[in-house]
Amino acid sequence: MSERLTSRLGWLLGGVVLLAMPFYLERFWLQAGVFAMAAAIGAIGLNLLTGSAGQLSLAHAFFLAVGAYGYCVFAGDSGSATGLTGWGLPPVLAAVLAVALAGAVGGLFSPIAGRVRGPYLGIATLALIFIGQHVLLNAHDLTGGFNGRAVPPLSVFGFAFDDSATVVAGVPFRSMEKLWYLGLALLAAGALFARGVLRGRPGRAINAIRDHQTAAGVIGIPVARTRGAIFVLSSMYAGLAGVLLALAFQHAVPGYFGIVLSLEYLAMIVIGGLGTVSGAVIGAAFVTLIPQVLTKYSESLPLVSAPGTGGVAPGEASRYLYGAAVVAAVLFLPGGLARLPVPRWARKGARDKAPAPTSRNMEVST
């Protein structure tokens, strides 16, 4: 059997397993999986910007918030009972507009992103987090203030992604089962598009800018325009991730979209592997699922206990773990978990053609 055929069979088997999971997993694990898929979409966008283009951004949480709250405003109903503004648009159109809004906001910032690089861009994007938190907490008509606002369920051609049961093969499919398949579809589309970008002419251009900006400009690559465009694309990925996260949470709150979330996304791409699509997905699953697992099994794990009981809370313990993982990746595995040895049949199918940046050719510090 040829290596390529074996690789395809491996990916096909993995796809079948993922498609079958909603029939066997409980709601907790389905919800954790949807969170991981949303995080993976956002991490792919950040990896295009930071891993491939070498541009440090601390504003990823801001663009997730734009996508999440944009969807709530576009799809929500305006009423005196809630006192919140809503346009009442069809949910699918609202989701598309929310992603476009995130891209438009990124476009407003792209002139700065195109001309500022390295830690200076990181400081500039940090301002967006503070601005975003101020708006989220004070624009009560749009965001609901500190308490946030409910997220309208998605509906596609009359099929609602809510808790109404749809029985499939004797299994009731509710919101998480439905969102699982939506997340899989969006993640697959986002990953394929990003791989196409990295393997094509745009990918070669952004890698050239990352490795040597002056040489890239000499050979005719529009440095500022390319950086601005990749910043907009990264913002749109974050907006899409924000929409999916909002649908999974069913309630958007400002406190979630802070600087800690942006740092977690940076941890995802460093742990998974800078400059690769597969690294973003692996890192997102690692950082997202660890807190869920620790929370689920906190009673049986040493040194970990439920919040408020005196021990180390699951969220705090998870930050220790992936903080240590970031240090280990930087020191011992610059290519991240995606560069760990894999079987020969998987290596050919999973290898990204874009070279993974390391500490030697990155303009930003990881």
# chains A, B, ... in the order shown; residues from 1 in each chain; ligands from 1
call {"tool": "select_by_dssp", "arguments": {"residues": "segment 158-352 of chain A", "states": "helix (DSSP H, G or I)", "output": "MDAnalysis selection string"}}
result
chainID A and resid 175:199 201:211 213:218 223:249 254:256 259:272 277:296 314:332 337:339 344:350
call {"tool": "select_by_dssp", "arguments": {"residues": "segment 43-289 of chain A", "states": "strand (DSSP E or B)", "output": "VMD selection string"}}
result
chain A and resid 77 to 79 84 to 87 149 to 150 155 to 156 159 to 160 166 to 168 171 to 173 251 to 252
call {"tool": "write_last_selection", "arguments": {"atoms": "N, CA and C atoms", "output": "short mmCIF file (atom, residue, chain, number, x, y, z; two decimals), in the first residue's frame"}}
result
data_model
loop_
_atom_site.label_atom_id
_atom_site.label_comp_id
_atom_site.auth_asym_id
_atom_site.auth_seq_id
_atom_site.Cartn_x
_atom_site.Cartn_y
_atom_site.Cartn_z
N ASP A 77 -32.96 40.71 19.00
CA ASP A 77 -34.16 41.53 18.85
C ASP A 77 -34.10 42.70 19.82
N SER A 78 -34.51 43.84 19.35
CA SER A 78 -34.57 45.02 20.21
C SER A 78 -35.91 45.06 20.92
N GLY A 79 -35.87 45.24 22.21
CA GLY A 79 -37.12 45.27 22.96
C GLY A 79 -36.98 46.04 24.25
N LEU A 84 -31.84 46.21 25.30
CA LEU A 84 -30.66 46.00 24.48
C LEU A 84 -30.99 46.26 23.01
N THR A 85 -29.99 46.71 22.28
CA THR A 85 -30.15 46.99 20.87
C THR A 85 -29.96 45.71 20.06
N GLY A 86 -30.84 45.49 19.11
CA GLY A 86 -30.73 44.33 18.23
C GLY A 86 -31.34 44.64 16.88
N TRP A 87 -30.74 44.13 15.84
CA TRP A 87 -31.22 44.41 14.49
C TRP A 87 -32.21 43.37 13.99
N ARG A 149 -24.88 39.71 27.58
CA ARG A 149 -26.19 39.53 26.96
C ARG A 149 -26.31 38.11 26.41
N ALA A 150 -27.56 37.66 26.28
CA ALA A 150 -27.81 36.33 25.75
C ALA A 150 -27.48 36.28 24.27
N SER A 155 -29.68 29.72 13.24
CA SER A 155 -30.70 29.00 12.48
C SER A 155 -30.33 29.05 11.00
N VAL A 156 -30.27 27.88 10.37
CA VAL A 156 -29.91 27.78 8.95
C VAL A 156 -31.05 27.10 8.21
N PHE A 159 -33.37 25.21 10.31
CA PHE A 159 -32.77 24.26 11.25
C PHE A 159 -32.06 25.03 12.34
N ALA A 160 -32.57 24.92 13.57
CA ALA A 160 -32.06 25.72 14.67
C ALA A 160 -31.01 24.95 15.46
N THR A 166 -33.47 16.98 18.13
CA THR A 166 -33.62 16.38 16.80
C THR A 166 -33.06 14.97 16.90
N VAL A 167 -33.93 13.96 16.78
CA VAL A 167 -33.53 12.58 16.99
C VAL A 167 -32.88 12.03 15.73
N VAL A 168 -31.64 11.55 15.88
CA VAL A 168 -30.89 10.94 14.77
C VAL A 168 -30.42 9.57 15.24
N VAL A 171 -30.68 8.90 18.86
CA VAL A 171 -29.92 9.78 19.75
C VAL A 171 -30.47 11.20 19.62
N PRO A 172 -30.91 11.83 20.73
CA PRO A 172 -31.40 13.21 20.64
C PRO A 172 -30.26 14.20 20.45
N PHE A 173 -30.30 14.92 19.36
CA PHE A 173 -29.29 15.93 19.08
C PHE A 173 -29.80 17.29 19.55
N HIS A 251 -24.10 32.85 26.20
CA HIS A 251 -24.17 34.12 26.93
C HIS A 251 -22.79 34.78 26.84
N ALA A 252 -22.73 35.96 26.27
CA ALA A 252 -21.46 36.66 26.09
C ALA A 252 -21.24 37.63 27.25
#
call {"tool": "residues_around", "arguments": {"residues": "Phe35 of chain A", "least_positions_apart": "4", "cutoff": "7 Å", "atoms": "only C-alpha atoms", "output": "PyMOL selection string"}}
result
chain A and resi 31+39+245
call {"tool": "write_last_selection", "arguments": {"atoms": "C-alpha atoms", "output": "compact mmCIF listing (two decimals), in the first residue's frame"}}
result
# COMPACT_ATOMS: atom_id res chain seq x y z
CA GLN A 31 -18.99 21.39 24.81
CA ALA A 39 -10.09 28.22 19.75
CA LEU A 245 -17.66 30.69 21.07
call {"tool": "closest_residue", "arguments": {"among": "A:Phe332, A:Phe231, A:Phe23, A:Tyr71", "to": "Ala59 of chain A", "atoms": "only C-alpha atoms"}}
result
A:Phe231
call {"tool": "residues_around", "arguments": {"residues": "Gly132 of chain A", "least_positions_apart": "2", "cutoff": "12 Å", "atoms": "only C-alpha atoms", "output": "JSON list (two decimals) with N, CA and C atoms, in the first residue's frame"}}
result
[["chain", "number", "residue", "atom", "x", "y", "z"],
["A", 59, "ALA", "N", -4.03, 41.67, 20.60],
["A", 59, "ALA", "CA", -5.41, 42.13, 20.50],
["A", 59, "ALA", "C", -6.36, 41.06, 20.00],
["A", 60, "HIS", "N", -5.93, 39.79, 20.01],
["A", 60, "HIS", "CA", -6.78, 38.76, 19.43],
["A", 60, "HIS", "C", -8.09, 38.64, 20.19],
["A", 61, "ALA", "N", -8.05, 38.78, 21.51],
["A", 61, "ALA", "CA", -9.28, 38.70, 22.30],
["A", 61, "ALA", "C", -10.24, 39.82, 21.92],
["A", 62, "PHE", "N", -9.71, 40.97, 21.57],
["A", 62, "PHE", "CA", -10.55, 42.09, 21.15],
["A", 62, "PHE", "C", -11.36, 41.72, 19.91],
["A", 63, "PHE", "N", -10.73, 41.09, 18.93],
["A", 63, "PHE", "CA", -11.43, 40.74, 17.70],
["A", 63, "PHE", "C", -12.39, 39.57, 17.92],
["A", 64, "LEU", "N", -12.08, 38.69, 18.86],
["A", 64, "LEU", "CA", -13.07, 37.67, 19.23],
["A", 64, "LEU", "C", -14.32, 38.33, 19.81],
["A", 65, "ALA", "N", -14.12, 39.35, 20.64],
["A", 65, "ALA", "CA", -15.25, 40.07, 21.22],
["A", 65, "ALA", "C", -16.07, 40.77, 20.14],
["A", 66, "VAL", "N", -15.39, 41.34, 19.14],
["A", 66, "VAL", "CA", -16.11, 42.00, 18.04],
["A", 66, "VAL", "C", -17.01, 40.99, 17.33],
["A", 69, "TYR", "N", -19.98, 39.78, 20.02],
["A", 69, "TYR", "CA", -21.00, 40.79, 20.28],
["A", 69, "TYR", "C", -21.61, 41.32, 19.00],
["A", 105, "VAL", "N", -12.87, 46.21, 11.33],
["A", 105, "VAL", "CA", -12.16, 46.83, 12.45],
["A", 105, "VAL", "C", -10.66, 46.57, 12.33],
["A", 125, "THR", "N", -1.22, 47.01, 19.80],
["A", 125, "THR", "CA", -2.44, 46.20, 19.84],
["A", 125, "THR", "C", -2.96, 46.03, 21.26],
["A", 126, "LEU", "N", -2.07, 46.13, 22.24],
["A", 126, "LEU", "CA", -2.52, 46.03, 23.64],
["A", 126, "LEU", "C", -3.53, 47.12, 23.96],
["A", 127, "ALA", "N", -3.38, 48.28, 23.31],
["A", 127, "ALA", "CA", -4.34, 49.37, 23.54],
["A", 127, "ALA", "C", -5.75, 48.96, 23.13],
["A", 128, "LEU", "N", -5.86, 48.10, 22.10],
["A", 128, "LEU", "CA", -7.19, 47.67, 21.67],
["A", 128, "LEU", "C", -7.90, 46.87, 22.76],
["A", 129, "ILE", "N", -7.15, 46.09, 23.53],
["A", 129, "ILE", "CA", -7.76, 45.33, 24.63],
["A", 129, "ILE", "C", -8.39, 46.27, 25.65],
["A", 130, "PHE", "N", -7.65, 47.32, 26.04],
["A", 130, "PHE", "CA", -8.18, 48.25, 27.04],
["A", 130, "PHE", "C", -9.37, 49.04, 26.49],
["A", 134, "HIS", "N", -13.30, 48.72, 27.91],
["A", 134, "HIS", "CA", -14.06, 49.91, 28.29],
["A", 134, "HIS", "C", -15.40, 49.96, 27.56],
["A", 135, "VAL", "N", -15.37, 49.68, 26.26],
["A", 135, "VAL", "CA", -16.62, 49.71, 25.48],
["A", 135, "VAL", "C", -17.56, 48.61, 25.93],
["A", 136, "LEU", "N", -17.04, 47.40, 26.14],
["A", 136, "LEU", "CA", -17.90, 46.29, 26.53],
["A", 136, "LEU", "C", -18.58, 46.53, 27.86],
["A", 137, "LEU", "N", -17.90, 47.18, 28.78],
["A", 137, "LEU", "CA", -18.46, 47.40, 30.11],
["A", 137, "LEU", "C", -19.39, 48.60, 30.17],
["A", 138, "ASN", "N", -19.25, 49.54, 29.25],
["A", 138, "ASN", "CA", -20.01, 50.78, 29.34],
["A", 138, "ASN", "C", -21.07, 50.96, 28.25],
["A", 139, "ALA", "N", -20.96, 50.24, 27.15],
["A", 139, "ALA", "CA", -21.97, 50.34, 26.09],
["A", 139, "ALA", "C", -23.11, 49.38, 26.41],
["A", 143, "THR", "N", -23.95, 45.79, 24.62],
["A", 143, "THR", "CA", -23.29, 44.62, 25.22],
["A", 143, "THR", "C", -23.95, 44.10, 26.48],
["A", 254, "PRO", "N", -18.26, 40.39, 29.09],
["A", 254, "PRO", "CA", -17.01, 41.12, 28.79],
["A", 254, "PRO", "C", -15.77, 40.54, 29.45],
["A", 255, "GLY", "N", -15.93, 40.00, 30.67],
["A", 255, "GLY", "CA", -14.76, 39.54, 31.41],
["A", 255, "GLY", "C", -13.97, 38.45, 30.71],
["A", 256, "TYR", "N", -14.62, 37.72, 29.81],
["A", 256, "TYR", "CA", -13.92, 36.63, 29.13],
["A", 256, "TYR", "C", -12.93, 37.15, 28.10],
["A", 257, "PHE", "N", -13.21, 38.31, 27.51],
["A", 257, "PHE", "CA", -12.41, 38.79, 26.38],
["A", 257, "PHE", "C", -11.36, 39.79, 26.84],
["A", 258, "GLY", "N", -10.52, 39.38, 27.78],
["A", 258, "GLY", "CA", -9.49, 40.25, 28.31],
["A", 258, "GLY", "C", -8.10, 39.84, 27.85],
["A", 259, "ILE", "N", -7.11, 40.43, 28.46],
["A", 259, "ILE", "CA", -5.73, 40.19, 28.06],
["A", 259, "ILE", "C", -5.32, 38.74, 28.31]]
call {"tool": "closest_residue", "arguments": {"among": "A:Gly196, A:Pro90, A:Gly183, A:Pro291", "to": "Gly33 of chain A", "atoms": "only C-alpha atoms"}}
result
A:Gly183
call {"tool": "residues_around", "arguments": {"residues": "Met236 of chain A", "least_positions_apart": "5", "cutoff": "6 Å", "atoms": "only C-alpha atoms", "output": "ChimeraX atom specification"}}
result
/A:99,102-103
call {"tool": "atom_distance", "arguments": {"atom1": "atom CA of Asp162 of chain A", "atom2": "atom CA of Glu177 of chain A"}}
result
9.6 Å
